[in-house]
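Student: Enclosed is the structure file coords.csv (CSV, C-alpha atoms).
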chain,number,residue,atom,x,y,z
A,208,MET,CA,123.4,130.3,37.4
A,209,ASN,CA,127.0,130.8,36.5
A,210,ARG,CA,128.2,127.5,35.2
A,211,TRP,CA,131.9,128.4,35.8
A,212,GLY,CA,131.2,129.0,39.5
A,213,PRO,CA,132.9,125.8,40.8
A,214,ILE,CA,136.3,127.0,39.6
A,215,LEU,CA,136.0,130.8,40.0
A,216,PRO,CA,136.2,132.9,43.1
A,217,ARG,CA,132.9,132.5,44.9
A,218,ASN,CA,132.9,135.9,46.6
A,219,LEU,CA,132.6,137.7,43.3
A,220,PRO,CA,129.3,138.6,41.6
A,221,GLN,CA,128.6,137.0,38.3
A,222,ARG,CA,129.8,140.0,36.3
A,223,GLY,CA,133.0,140.0,38.4
A,224,GLN,CA,133.5,136.3,37.7
A,225,ARG,CA,133.2,136.8,34.0
A,226,ILE,CA,135.8,139.6,34.1
A,227,PHE,CA,138.1,137.5,36.2
A,228,ALA,CA,137.8,134.6,33.8
A,229,ARG,CA,138.5,136.7,30.7
A,230,ARG,CA,141.6,138.4,32.2
A,231,PHE,CA,142.8,135.1,33.7
A,232,ILE,CA,142.6,133.3,30.4
A,233,ALA,CA,143.7,136.2,28.3
A,234,ARG,CA,146.9,136.5,30.3
A,235,ALA,CA,147.7,132.8,29.7
A,236,ALA,CA,147.1,133.2,26.0
A,237,SER,CA,149.0,136.5,25.7
A,238,PRO,CA,151.5,136.4,22.8
A,239,GLU,CA,153.9,138.5,24.9
A,240,LEU,CA,154.5,135.5,27.2
A,241,PRO,CA,156.9,132.6,26.5
A,242,GLN,CA,155.8,129.8,24.2
A,243,ARG,CA,155.3,127.5,27.1
A,244,SER,CA,152.0,128.3,28.8
A,245,PRO,CA,152.3,129.7,32.3
A,246,LEU,CA,148.9,128.4,33.1
A,247,ALA,CA,148.1,124.7,33.5
A,248,PHE,CA,146.2,122.4,35.9
A,249,ALA,CA,146.9,119.1,37.5
A,250,PHE,CA,144.0,117.0,38.9
A,251,ASP,CA,143.9,114.0,41.2
A,252,ILE,CA,141.4,111.4,39.8
A,253,ASP,CA,139.9,109.3,42.7
A,254,GLY,CA,137.7,111.5,44.9
A,255,VAL,CA,138.3,114.6,42.7
A,256,LEU,CA,137.1,113.7,39.2
A,257,LEU,CA,135.7,110.2,39.9
A,258,GLN,CA,134.1,108.6,42.9
A,259,GLY,CA,134.3,104.9,42.1
A,260,PRO,CA,133.0,104.5,38.5
A,261,ASN,CA,130.9,107.7,38.8
A,262,VAL,CA,132.0,111.1,37.4
A,263,LEU,CA,131.5,114.0,39.7
A,264,PRO,CA,129.3,116.7,38.0
A,265,GLU,CA,131.6,119.5,39.0
A,266,ALA,CA,134.6,117.7,37.5
A,267,ARG,CA,132.9,117.5,34.1
A,268,ARG,CA,132.1,121.2,34.2
A,269,ALA,CA,135.7,122.0,35.1
A,270,LEU,CA,137.1,120.0,32.2
A,271,GLU,CA,134.6,121.5,29.8
A,272,PHE,CA,136.0,124.9,30.8
A,273,LEU,CA,139.6,123.8,30.2
A,274,GLU,CA,138.7,122.0,26.9
A,275,GLY,CA,137.6,125.4,25.5
A,276,LYS,CA,134.1,126.0,26.7
A,277,ASN,CA,135.2,129.3,28.3
A,278,PRO,CA,134.7,133.0,27.5
A,279,LEU,CA,137.8,133.1,25.1
A,280,ASN,CA,137.1,129.6,23.6
A,281,ILE,CA,140.7,128.5,24.1
A,282,ARG,CA,142.0,125.2,25.5
A,283,ILE,CA,144.0,125.3,28.7
A,284,PRO,CA,146.5,122.4,29.3
A,285,TYR,CA,145.9,120.0,32.1
A,286,ILE,CA,147.2,116.6,33.3
A,287,LEU,CA,145.7,113.9,35.5
A,288,MET,CA,147.6,112.3,38.4
A,289,THR,CA,146.8,109.3,40.5
A,290,ASN,CA,148.5,107.1,43.0
A,291,GLY,CA,146.5,104.2,41.4
A,292,GLY,CA,147.5,102.2,38.4
A,293,GLY,CA,147.8,98.5,37.6
A,294,VAL,CA,147.2,99.0,33.8
A,295,THR,CA,149.1,100.7,31.1
A,296,GLU,CA,148.6,104.5,30.6
A,297,ALA,CA,147.1,103.8,27.2
A,298,GLU,CA,144.5,101.5,28.6
A,299,ARG,CA,143.6,103.8,31.5
A,300,CYS,CA,143.3,106.8,29.1
A,301,THR,CA,140.8,104.9,27.0
A,302,LYS,CA,138.7,104.2,30.0
A,303,LEU,CA,139.0,107.8,31.3
A,304,SER,CA,138.1,109.2,27.9
A,305,ARG,CA,134.9,107.2,27.9
A,306,GLN,CA,134.0,108.1,31.5
A,307,LEU,CA,134.8,111.8,31.3
A,308,GLY,CA,133.6,112.5,27.8
A,309,PHE,CA,136.9,114.0,26.6
A,310,ASP,CA,139.9,112.5,24.8
A,311,ILE,CA,142.6,112.0,27.5
A,312,LEU,CA,146.1,111.2,26.0
A,313,PRO,CA,148.7,109.0,27.7
A,314,SER,CA,150.9,112.2,27.8
A,315,GLN,CA,148.3,113.7,30.1
A,316,LEU,CA,148.3,110.9,32.7
A,317,VAL,CA,150.7,110.2,35.5
A,318,GLN,CA,150.1,107.0,37.4
A,319,ALA,CA,151.9,105.7,40.5
A,320,HIS,CA,154.2,103.6,38.4
A,321,THR,CA,154.7,105.9,35.4
A,322,ILE,CA,158.0,107.0,36.9
A,323,LEU,CA,159.4,103.5,36.3
A,324,ARG,CA,160.0,104.5,32.7
A,325,LYS,CA,163.1,106.3,34.0
A,326,LEU,CA,164.5,102.9,35.2
A,327,ARG,CA,164.4,101.3,31.7
A,328,HIS,CA,168.2,101.6,31.4
A,329,LYS,CA,168.6,99.6,34.7
A,330,TYR,CA,166.1,96.8,34.2
A,331,ALA,CA,165.5,96.6,30.4
A,332,ASP,CA,167.1,93.1,30.1
A,333,LYS,CA,167.1,92.1,33.8
A,334,PRO,CA,164.6,89.8,35.5
A,335,VAL,CA,162.1,91.7,37.7
A,336,LEU,CA,159.2,90.4,39.7
A,337,ILE,CA,156.1,92.6,39.2
A,338,LEU,CA,153.4,92.7,42.0
A,339,GLY,CA,150.0,94.2,41.4
A,340,GLY,CA,147.5,94.4,38.7
A,341,LYS,CA,145.0,91.7,37.5
A,342,LEU,CA,146.4,88.6,36.0
A,343,GLY,CA,149.1,89.7,33.5
A,344,LYS,CA,148.3,93.4,33.6
A,345,GLY,CA,151.3,94.1,35.7
A,346,ARG,CA,153.6,92.5,33.2
A,347,GLU,CA,151.9,94.5,30.4
A,348,VAL,CA,152.7,97.7,32.3
A,349,ALA,CA,156.4,96.7,32.8
A,350,GLU,CA,156.8,95.6,29.2
A,351,SER,CA,155.3,98.9,28.0
A,352,TYR,CA,158.2,100.6,29.9
A,353,GLY,CA,160.8,98.4,28.2
A,354,PHE,CA,161.3,95.7,30.8
A,355,SER,CA,161.7,92.6,28.6
A,356,LYS,CA,162.0,90.1,31.5
A,357,ALA,CA,159.0,90.9,33.7
A,358,TYR,CA,157.5,88.1,35.7
A,359,THR,CA,154.5,87.7,38.1
A,360,THR,CA,153.9,85.6,41.1
A,361,LEU,CA,151.4,83.6,39.1
A,362,ASP,CA,154.2,82.6,36.8
A,363,ILE,CA,156.2,81.3,39.7
A,364,LEU,CA,153.2,79.4,41.2
A,365,ALA,CA,152.5,77.8,37.8
A,366,TRP,CA,156.2,76.6,37.8
A,367,ASP,CA,156.0,75.1,41.2
A,368,LYS,CA,152.6,75.0,43.1
A,369,SER,CA,154.3,73.8,46.3
A,370,ILE,CA,155.7,77.3,46.8
A,371,TRP,CA,152.2,78.3,48.0
A,372,PRO,CA,149.9,75.3,48.2
A,373,PHE,CA,146.9,77.3,49.4
A,374,HIS,CA,146.0,78.6,46.0
A,375,GLU,CA,144.9,76.5,43.0
A,376,LEU,CA,145.4,78.4,39.7
A,377,THR,CA,142.3,78.8,37.6
A,378,ASP,CA,142.3,78.2,33.9
A,379,ILE,CA,142.2,82.0,33.3
A,380,GLU,CA,145.2,82.5,35.6
A,381,LYS,CA,147.1,79.7,33.9
A,382,ALA,CA,146.5,81.3,30.5
A,383,SER,CA,148.1,84.6,31.8
A,384,THR,CA,151.4,83.0,32.9
A,385,LYS,CA,154.8,82.8,31.3
A,386,GLN,CA,156.7,79.5,31.5
A,387,GLU,CA,160.2,79.7,33.0
A,388,ASP,CA,162.6,77.6,35.2
A,389,PHE,CA,162.7,80.0,38.1
A,390,SER,CA,165.5,78.1,39.8
A,391,LYS,CA,167.8,79.7,37.2
A,392,VAL,CA,166.3,83.2,37.2
A,393,PRO,CA,168.3,85.8,39.2
A,394,PHE,CA,165.8,88.6,40.1
A,395,GLU,CA,167.3,92.0,40.1
A,396,ALA,CA,164.3,93.8,41.6
A,397,ILE,CA,160.8,93.3,43.1
A,398,ILE,CA,158.5,96.1,42.0
A,399,VAL,CA,155.1,96.7,43.5
A,400,ILE,CA,153.2,98.7,40.9
A,401,HIS,CA,149.7,98.4,42.4
A,402,ASP,CA,147.6,96.5,45.0
A,403,PRO,CA,148.5,92.8,45.0
A,404,ARG,CA,145.5,90.5,44.4
A,405,ASP,CA,146.8,87.8,46.7
A,406,TRP,CA,148.9,89.3,49.5
A,407,ALA,CA,149.7,85.9,51.0
A,408,LEU,CA,151.2,84.5,47.7
A,409,ASP,CA,153.1,87.7,47.0
A,410,VAL,CA,154.6,88.1,50.4
A,411,GLN,CA,155.7,84.4,50.5
A,412,ILE,CA,157.5,84.7,47.1
A,413,CYS,CA,159.0,88.1,48.0
A,414,VAL,CA,160.4,86.6,51.2
A,415,ASP,CA,161.9,83.7,49.4
A,416,ILE,CA,163.6,85.9,46.8
A,417,LEU,CA,165.0,88.3,49.4
A,418,ARG,CA,166.2,85.6,51.7
A,419,SER,CA,167.9,83.6,49.0
A,420,ARG,CA,169.4,86.7,47.4
A,421,LYS,CA,167.8,86.8,44.0
A,422,LYS,CA,166.7,83.3,43.2
A,423,ILE,CA,163.9,81.0,44.2
A,424,CYS,CA,165.8,78.3,46.1
A,425,ARG,CA,164.8,74.6,46.6
A,426,GLU,CA,167.5,74.2,49.2
A,427,PRO,CA,168.2,75.6,52.7
A,428,TYR,CA,168.9,79.3,52.8
A,429,LYS,CA,172.5,80.3,53.1
A,430,PRO,CA,173.3,82.6,56.0
A,431,ASP,CA,174.6,86.1,55.2
A,432,SER,CA,178.0,85.1,56.5
A,433,GLU,CA,178.3,82.7,53.5
A,434,LEU,CA,176.9,85.0,51.0
A,435,GLY,CA,179.2,87.8,51.9
A,436,ASN,CA,178.7,91.5,52.6
A,437,GLY,CA,178.8,92.7,49.0
A,438,THR,CA,175.9,94.2,47.2
A,439,GLU,CA,176.1,92.0,44.1
A,440,ASN,CA,173.4,89.7,45.6
A,441,ASP,CA,171.1,92.4,46.8
A,442,VAL,CA,167.6,92.7,45.3
A,443,ASP,CA,166.0,96.1,44.9
A,444,LEU,CA,162.6,96.5,46.5
A,445,ILE,CA,160.5,99.2,44.9
A,446,PHE,CA,157.1,100.4,46.1
A,447,CYS,CA,155.3,102.7,43.6
A,448,ASN,CA,152.2,103.1,45.8
A,449,PRO,CA,152.7,102.3,49.5
A,450,ASP,CA,149.1,103.5,50.1
A,451,LEU,CA,146.4,101.5,51.8
A,452,LEU,CA,143.7,104.2,51.8
A,453,TRP,CA,142.0,105.7,48.8
A,454,LYS,CA,138.6,107.2,47.8
A,455,SER,CA,136.0,105.0,46.0
A,456,ASP,CA,132.2,104.7,45.9
A,457,TYR,CA,132.2,102.8,49.2
A,458,PRO,CA,130.6,105.2,51.7
A,459,ASN,CA,133.1,104.9,54.5
Produce structure tokens that represent the structure in this file.
Tutor:
Amino acid sequence: MNRWGPILPRNLPQRGQRIFARRFIARAASPELPQRSPLAFAFDIDGVLLQGPNVLPEARRALEFLEGKNPLNIRIPYILMTNGGGVTEAERCTKLSRQLGFDILPSQLVQAHTILRKLRHKYADKPVLILGGKLGKGREVAESYGFSKAYTTLDILAWDKSIWPFHELTDIEKASTKQEDFSKVPFEAIIVIHDPRDWALDVQICVDILRSRKKICREPYKPDSELGNGTENDVDLIFCNPDLLWKSDYPN
């Protein structure tokens, strides 16, 4: 059986597939072409390479081909893209490398929130609320992009548990928090990088910040007429992944 079948034209006989592969790869490797390779691949991850924690057999064969196990023994560049996230690119690549059996570099991975790197100039030293990720993982992501004042809703709940009295912080959650007097913190943005773990807590705090125009208030909200119509009190709301459907190992 032709092991390259999954990524070559199925209507060709085996000999034709070998010829196609050689010509296809040889053209990409031709010294007459520009230095930047005209041939590269981009793969989604969930449902394409992985289904839940399991690697799809066809995915491993395809990556073997691109990693050099092909008729010309050359490596073809590729990247992985996903609307998931919640961890740093470095951490995700370590896990992917272990799962797929190939070294995946952070430069080969684009997550839903990777684009936030381009906003470093805007939020590098500004307070931002990060939603999504387990415990302090969201903060780690933001800090890896250069956001030096990234906070989580667990930080705010640890500061004042009355803001959402229906959740008691565990010892592990408390250990992940950063101490701050949030009555004095003017948030410039609320950034959803991944699926929140506690929607109720996150929505409550988001509403408080948006209604109070940047701060967590312990006093009645001021109407817009008193705050004015300027944009200086506006809070940016950024969704990196407004997606409630994705493929996992759950059958439905």
Student: In Å to one decimal, how far is atom CA of A:Pro278 from atom CA of A:Gly308?
Tutor: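 So the two atoms, atom CA of A:Gly308 and atom CA of A:Pro278, lie 20.5 Å apart.
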Student: Padding 8 Å on each side, edges along x, y and z: where is the centre of the box around the listed atoms of stretch 328-334 of chain A, and how long are its edges in Å to one decimal? Output it as AutoDock Vina command-line options.
Tutor:
--center_x 166.6 --center_y 95.7 --center_z 32.8 --size_x 20.0 --size_y 27.8 --size_z 21.4
Student: So, counting only C-alpha atoms, which residue among A:Ile281, A:Asp405, A:Cys447, A:Ile412 is closest to A:His374?
Tutor: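 Among the listed residues, A:Asp405 lies closest to A:His374.
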Student: Please determine the residues with any atom at most 10 Å from (151.1, 89.5, 31.9) (coordinates as given in the file, with only C-alpha atoms counting) and report them as an MDAnalysis selection string.
Tutor: chainID A and resid 337 340:350 357:359 361:362 380 382:385
Student: Calculated over all atoms listed in the file, which of the candidates A:Pro313, A:Gly291, A:Pro260, A:Pro334 has the smallest distance to A:Lys421?
Tutor: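 Using all atoms listed in the file, A:Lys421 sits closest to A:Pro334.
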Student: I want to know what sits within 8 Å of A:Ile283, based on only C-alpha atoms, with residues of the same chain fewer than 6 positions away left out; could you give that as JSON, numbers by chain?
Tutor: {"A": [246, 247, 273, 274, 275]}
Student: Rank nothing, just name the residue among A:Met288, A:Leu270, A:Leu338, A:Ile363 nearest to A:Arg404, using only C-alpha atoms.
Tutor: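 Ranked by minimum distance to A:Arg404, first place goes to A:Leu338.
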Student: Dig up all the protein and nucleic acid residues within 7 Å of (155.6, 95.7, 41.7) in the file frame, using only C-alpha atoms, and format them as number ranges by chain.
Tutor: A: 336-339, 397-401, 445-446
Student: Please dump the current selection as a CSV table (one decimal), in the coordinates of the input; keep C-alpha atoms.
Tutor:
chain,number,residue,atom,x,y,z
A,336,LEU,CA,159.2,90.4,39.7
A,337,ILE,CA,156.1,92.6,39.2
A,338,LEU,CA,153.4,92.7,42.0
A,339,GLY,CA,150.0,94.2,41.4
A,397,ILE,CA,160.8,93.3,43.1
A,398,ILE,CA,158.5,96.1,42.0
A,399,VAL,CA,155.1,96.7,43.5
A,400,ILE,CA,153.2,98.7,40.9
A,401,HIS,CA,149.7,98.4,42.4
A,445,ILE,CA,160.5,99.2,44.9
A,446,PHE,CA,157.1,100.4,46.1
Student: Give me the residues near A:Ala297 as a PDB file with C-alpha atoms, keeping the file's coordinate frame, where near means some atom within 8 Å (using all atoms listed in the file) and where sequence neighbours in that chain fewer than 3 positions away do not count.
Tutor:
ATOM      1  CA  CYS A 300     143.300 106.800  29.100  1.00  0.00           C
ATOM      2  CA  THR A 301     140.800 104.900  27.000  1.00  0.00           C
ATOM      3  CA  LEU A 312     146.100 111.200  26.000  1.00  0.00           C
ATOM      4  CA  PRO A 313     148.700 109.000  27.700  1.00  0.00           C
TER       5      PRO A 313
END
Student: Considering only C-alpha atoms, state which residue in the set A:Cys413, A:Leu263, A:Ile311, A:Leu303 is at the smallest distance from A:Pro284.
Tutor: A:Ile311
Student: Go ahead and compute the interatomic distance for atom CA of A:Leu452 and atom CA of A:Gly292, in Å to one decimal.
Tutor: 14.1 Å
Student: Ranking A:Tyr285, A:Phe373, A:Phe354, A:Tyr330 by minimum distance to A:Ala249 and counting only C-alpha atoms, which one comes first?
Tutor: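 Looking only at the distances to A:Ala249, the closest residue turns out to be A:Tyr285.
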Student: If I take atom CA of A:Phe389 and atom CA of A:Ile423, how far is one from the other in Å, to one decimal?
Tutor: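 We find that atom CA of A:Phe389 and atom CA of A:Ile423 lie 6.3 Å from each other.
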Student: Output stretch 264-275 of chain A with all heavy atoms present, as an mmCIF file, in the coordinates of the input.
Tutor:
data_model
loop_
_atom_site.group_PDB
_atom_site.id
_atom_site.type_symbol
_atom_site.label_atom_id
_atom_site.label_comp_id
_atom_site.auth_asym_id
_atom_site.auth_seq_id
_atom_site.Cartn_x
_atom_site.Cartn_y
_atom_site.Cartn_z
ATOM 1 N N PRO A 264 129.803 115.662 38.913
ATOM 2 C CA PRO A 264 129.300 116.700 38.000
ATOM 3 C C PRO A 264 130.217 117.908 37.903
ATOM 4 O O PRO A 264 130.437 118.454 36.819
ATOM 5 C CB PRO A 264 127.938 117.058 38.594
ATOM 6 C CG PRO A 264 127.538 115.861 39.400
ATOM 7 C CD PRO A 264 128.817 115.283 39.930
ATOM 8 N N GLU A 265 130.761 118.360 39.029
ATOM 9 C CA GLU A 265 131.600 119.500 39.000
ATOM 10 C C GLU A 265 132.898 119.262 38.211
ATOM 11 O O GLU A 265 133.451 120.165 37.581
ATOM 12 C CB GLU A 265 132.011 119.914 40.449
ATOM 13 C CG GLU A 265 130.842 120.374 41.304
ATOM 14 C CD GLU A 265 130.074 119.218 41.923
ATOM 15 O OE1 GLU A 265 130.418 118.051 41.617
ATOM 16 O OE2 GLU A 265 129.139 119.472 42.707
ATOM 17 N N ALA A 266 133.359 118.008 38.216
ATOM 18 C CA ALA A 266 134.600 117.700 37.500
ATOM 19 C C ALA A 266 134.329 117.818 35.970
ATOM 20 O O ALA A 266 135.175 118.356 35.248
ATOM 21 C CB ALA A 266 134.962 116.213 37.767
ATOM 22 N N ARG A 267 133.191 117.371 35.487
ATOM 23 C CA ARG A 267 132.900 117.500 34.100
ATOM 24 C C ARG A 267 132.805 118.958 33.646
ATOM 25 O O ARG A 267 133.278 119.352 32.581
ATOM 26 C CB ARG A 267 131.611 116.733 33.725
ATOM 27 C CG ARG A 267 131.274 116.755 32.248
ATOM 28 C CD ARG A 267 130.238 115.711 31.903
ATOM 29 N NE ARG A 267 130.820 114.384 31.776
ATOM 30 C CZ ARG A 267 130.285 113.287 32.279
ATOM 31 N NH1 ARG A 267 129.176 113.350 32.977
ATOM 32 N NH2 ARG A 267 130.860 112.123 32.110
ATOM 33 N N ARG A 268 132.212 119.791 34.495
ATOM 34 C CA ARG A 268 132.100 121.200 34.200
ATOM 35 C C ARG A 268 133.484 121.871 34.131
ATOM 36 O O ARG A 268 133.773 122.709 33.276
ATOM 37 C CB ARG A 268 131.202 121.928 35.178
ATOM 38 C CG ARG A 268 129.726 121.570 35.035
ATOM 39 C CD ARG A 268 128.847 122.612 35.694
ATOM 40 N NE ARG A 268 129.007 122.632 37.145
ATOM 41 C CZ ARG A 268 128.287 121.894 37.974
ATOM 42 N NH1 ARG A 268 127.377 121.061 37.490
ATOM 43 N NH2 ARG A 268 128.469 121.967 39.273
ATOM 44 N N ALA A 269 134.353 121.477 35.075
ATOM 45 C CA ALA A 269 135.700 122.000 35.100
ATOM 46 C C ALA A 269 136.474 121.650 33.844
ATOM 47 O O ALA A 269 137.161 122.489 33.234
ATOM 48 C CB ALA A 269 136.443 121.559 36.345
ATOM 49 N N LEU A 270 136.357 120.395 33.416
ATOM 50 C CA LEU A 270 137.100 120.000 32.200
ATOM 51 C C LEU A 270 136.496 120.602 30.968
ATOM 52 O O LEU A 270 137.226 120.896 30.021
ATOM 53 C CB LEU A 270 137.018 118.429 32.110
ATOM 54 C CG LEU A 270 137.788 117.655 33.194
ATOM 55 C CD1 LEU A 270 137.729 116.159 32.923
ATOM 56 C CD2 LEU A 270 139.231 118.119 33.284
ATOM 57 N N GLU A 271 135.196 120.819 30.943
ATOM 58 C CA GLU A 271 134.600 121.500 29.800
ATOM 59 C C GLU A 271 135.223 122.922 29.684
ATOM 60 O O GLU A 271 135.535 123.376 28.574
ATOM 61 C CB GLU A 271 133.080 121.685 30.026
ATOM 62 C CG GLU A 271 132.271 120.438 29.755
ATOM 63 C CD GLU A 271 130.784 120.654 29.999
ATOM 64 O OE1 GLU A 271 130.429 121.726 30.550
ATOM 65 O OE2 GLU A 271 129.995 119.765 29.648
ATOM 66 N N PHE A 272 135.410 123.581 30.808
ATOM 67 C CA PHE A 272 136.000 124.900 30.800
ATOM 68 C C PHE A 272 137.429 124.847 30.225
ATOM 69 O O PHE A 272 137.805 125.655 29.364
ATOM 70 C CB PHE A 272 136.071 125.439 32.252
ATOM 71 C CG PHE A 272 136.507 126.861 32.373
ATOM 72 C CD1 PHE A 272 135.580 127.893 32.443
ATOM 73 C CD2 PHE A 272 137.849 127.177 32.430
ATOM 74 C CE1 PHE A 272 135.991 129.210 32.565
ATOM 75 C CE2 PHE A 272 138.264 128.492 32.546
ATOM 76 C CZ PHE A 272 137.337 129.514 32.617
ATOM 77 N N LEU A 273 138.227 123.872 30.668
ATOM 78 C CA LEU A 273 139.600 123.800 30.200
ATOM 79 C C LEU A 273 139.698 123.291 28.768
ATOM 80 O O LEU A 273 140.663 123.619 28.055
ATOM 81 C CB LEU A 273 140.379 122.788 31.107
ATOM 82 C CG LEU A 273 140.484 123.186 32.588
ATOM 83 C CD1 LEU A 273 141.256 122.126 33.368
ATOM 84 C CD2 LEU A 273 141.140 124.545 32.753
ATOM 85 N N GLU A 274 138.709 122.544 28.319
ATOM 86 C CA GLU A 274 138.700 122.000 26.900
ATOM 87 C C GLU A 274 138.300 123.110 25.934
ATOM 88 O O GLU A 274 138.341 122.871 24.735
ATOM 89 C CB GLU A 274 137.800 120.825 26.822
ATOM 90 C CG GLU A 274 138.363 119.554 27.444
ATOM 91 C CD GLU A 274 139.482 118.949 26.615
ATOM 92 O OE1 GLU A 274 139.632 119.333 25.452
ATOM 93 O OE2 GLU A 274 140.215 118.094 27.152
ATOM 94 N N GLY A 275 137.904 124.280 26.418
ATOM 95 C CA GLY A 275 137.600 125.400 25.500
ATOM 96 C C GLY A 275 136.250 126.022 25.655
ATOM 97 O O GLY A 275 135.948 127.031 25.008
#
